[in-house]
Amino acid sequence: MPELPEVETIARSLAKRISGDVIESVWLGSKPEPLKSPAAEIAATLQAKRISTVRRAGKHIVFDLESARGVSSPAQWIVHLGMTGSLLVCGPGVEPATHTHAVLQLASGRELRFVDPRRFGRLSVIENFKAPGSEPLQIAFDGFLALFRKRKTPIKSALLNQSLLSGVGNIYADEALFRARIRPRRRASSLARDELRRLHNALKRVLREAIRLGGSSVSDYVDADGAEGFFQLKHRVYGREEKPCLVCKTAIKRIVIAGRSSHYCPRCQK
DNA sequence: ACTATGTCCTGCGAGC
DNA sequence: TGCTCGCAGGACATAG
């Protein structure tokens, strides 16, 4: 489900709602699948901690923890939502959704629930988490250029590689490439400097606008308040196979690159 | 070191 | 109505 704009939206709504709240108890589902750290370690790290901040790093949600007396702790709870994960703040009376894998009881009386049908999401605790790639909204153009200059892989695959850029997923890769007028199968190393300039700018514009609109709700994505995003209304190629290009009316094509569907306009994108 | 492919899961809609 | 198939916002392991 979630790429950078969706994760940013979720992190902001969580920060607004549960910053300062204290984790009183932790329940983790019996299937250990979604746990990257041992269940006992996660429970022990979260227990009795105050959530000082919630923020995004790449596609990860980072909960900064402190001891309930306010002493900051290096420990962080890291949640990766995979394809279908969601974090919901709700009252204790609300019936838990199927595929609820973790429930945190908060001192305010509310619960923070992690729900994930496909179980591609991951929970872990770690000290001083750092996402591997660069933040696309932070990296300067020189750094952006250096990431791709020597890669022979298609630019679409390079954009999805989280150790290069952190946070770009399938929707925003396609949308940025359309706006930069670059075909997804082009080898990254074949892109001229001005093409990479367009791509860098297009990616930043697309991500910023998507954050402003609360992300893309393609099937069932909602933020921690249950609110939908609206960027899906601005998609120009993603999910528009065979529909007319909004610029030139040519039918949008769908191809598969690295196992992921990729959408582009064969006329606008070179 | 880089690149391509398969696999992990459940659920939904299309087509028969 | 009920089935089978293909597809889905992601990231790893593995093989070349």
# chains A, B, ... in the order shown; residues from 1 in each chain; ligands from 1

call {"tool": "interface_residues", "arguments": {"of": "chain A", "to": "chain B", "cutoff": "10 Å", "atoms": "only C-alpha atoms (C1' of nucleotides)", "output": "list in words"}}
result
Thr84, His99, Asp116, Pro117, Arg118, Arg119, Phe120, Arg151, Lys152, Thr153, Ser219, Ala258 and Gly259 of chain A

call {"tool": "closest_atom_pairs", "arguments": {"of": "chain C", "to": "chain A", "cutoff": "12 Å", "atoms": "only C-alpha atoms (C1' of nucleotides)", "output": "CSV"}}
result
residue,atom,partner,partner_atom,distance
C:DC7,C1',A:Ser261,CA,9.5
C:DA8,C1',A:Met83,CA,8.1
C:DG9,C1',A:Met1,CA,3.0
C:DG10,C1',A:Gly82,CA,5.2
C:DA11,C1',A:Gly82,CA,8.1
C:DC12,C1',A:Phe120,CA,10.6

call {"tool": "select_by_dssp", "arguments": {"residues": "range 101-164 of chain A", "states": "helix (DSSP H, G or I)", "output": "ChimeraX atom specification"}}
result
/A:141-148,155-160

call {"tool": "closest_residue", "arguments": {"among": "A:Ser163, A:Asn201, A:Gln76, A:Gln47", "to": "Asn128 in chain A", "atoms": "only C-alpha atoms"}}
result
A:Gln76

call {"tool": "select_by_dssp", "arguments": {"residues": "range 84-267 of chain A", "states": "strand (DSSP E or B)", "output": "ChimeraX atom specification"}}
result
/A:86-90,100-106,111-115,122-127,134,154,165,187,244,251,253-257,260-264

call {"tool": "residues_around", "arguments": {"residues": "Arg12 in chain A", "least_positions_apart": "5", "cutoff": "9 Å", "atoms": "only C-alpha atoms (C1' of nucleotides)", "output": "list in words"}}
result
Val7, Arg17, Val54, Arg55, Arg56 and Ala224 of chain A

call {"tool": "write_last_selection", "arguments": {"atoms": "C-alpha atoms", "output": "compact mmCIF listing (two decimals), in the first residue's frame"}}
result
# COMPACT_ATOMS: atom_id res chain seq x y z
CA VAL A 7 3.81 6.78 5.04
CA ARG A 17 -2.72 11.81 17.97
CA VAL A 54 6.42 9.57 15.34
CA ARG A 55 8.10 10.23 12.02
CA ARG A 56 8.85 8.75 8.61
CA ALA A 224 -4.32 6.47 11.17

call {"tool": "residues_around", "arguments": {"residues": "range 206-214 of chain A", "least_positions_apart": "3", "cutoff": "10 Å", "atoms": "only C-alpha atoms (C1' of nucleotides)", "output": "ChimeraX atom specification"}}
result
/A:3-10,136-137,167-168,172-173,175-176,179,201-203,217,222-223,227-235

call {"tool": "residues_around", "arguments": {"residues": "Asp194 in chain A", "least_positions_apart": "6", "cutoff": "12 Å", "atoms": "only C-alpha atoms (C1' of nucleotides)", "output": "list of chain:residue names"}}
result
A:Phe141, A:Leu145, A:Ala180, A:Arg181, A:Ile182, A:His200, A:Asn201

call {"tool": "residues_around", "arguments": {"residues": "Gly91 in chain A", "least_positions_apart": "5", "cutoff": "8 Å", "atoms": "only C-alpha atoms (C1' of nucleotides)", "output": "ChimeraX atom specification"}}
result
/A:109-111

call {"tool": "write_last_selection", "arguments": {"atoms": "C-alpha atoms", "output": "PDB file, in the first residue's frame"}}
result
ATOM      1  CA  GLY A 109      -7.323   4.468  27.050  1.00  0.00           C
ATOM      2  CA  ARG A 110      -6.964   4.138  23.306  1.00  0.00           C
ATOM      3  CA  GLU A 111      -5.257   1.354  21.360  1.00  0.00           C
TER       4      GLU A 111
END
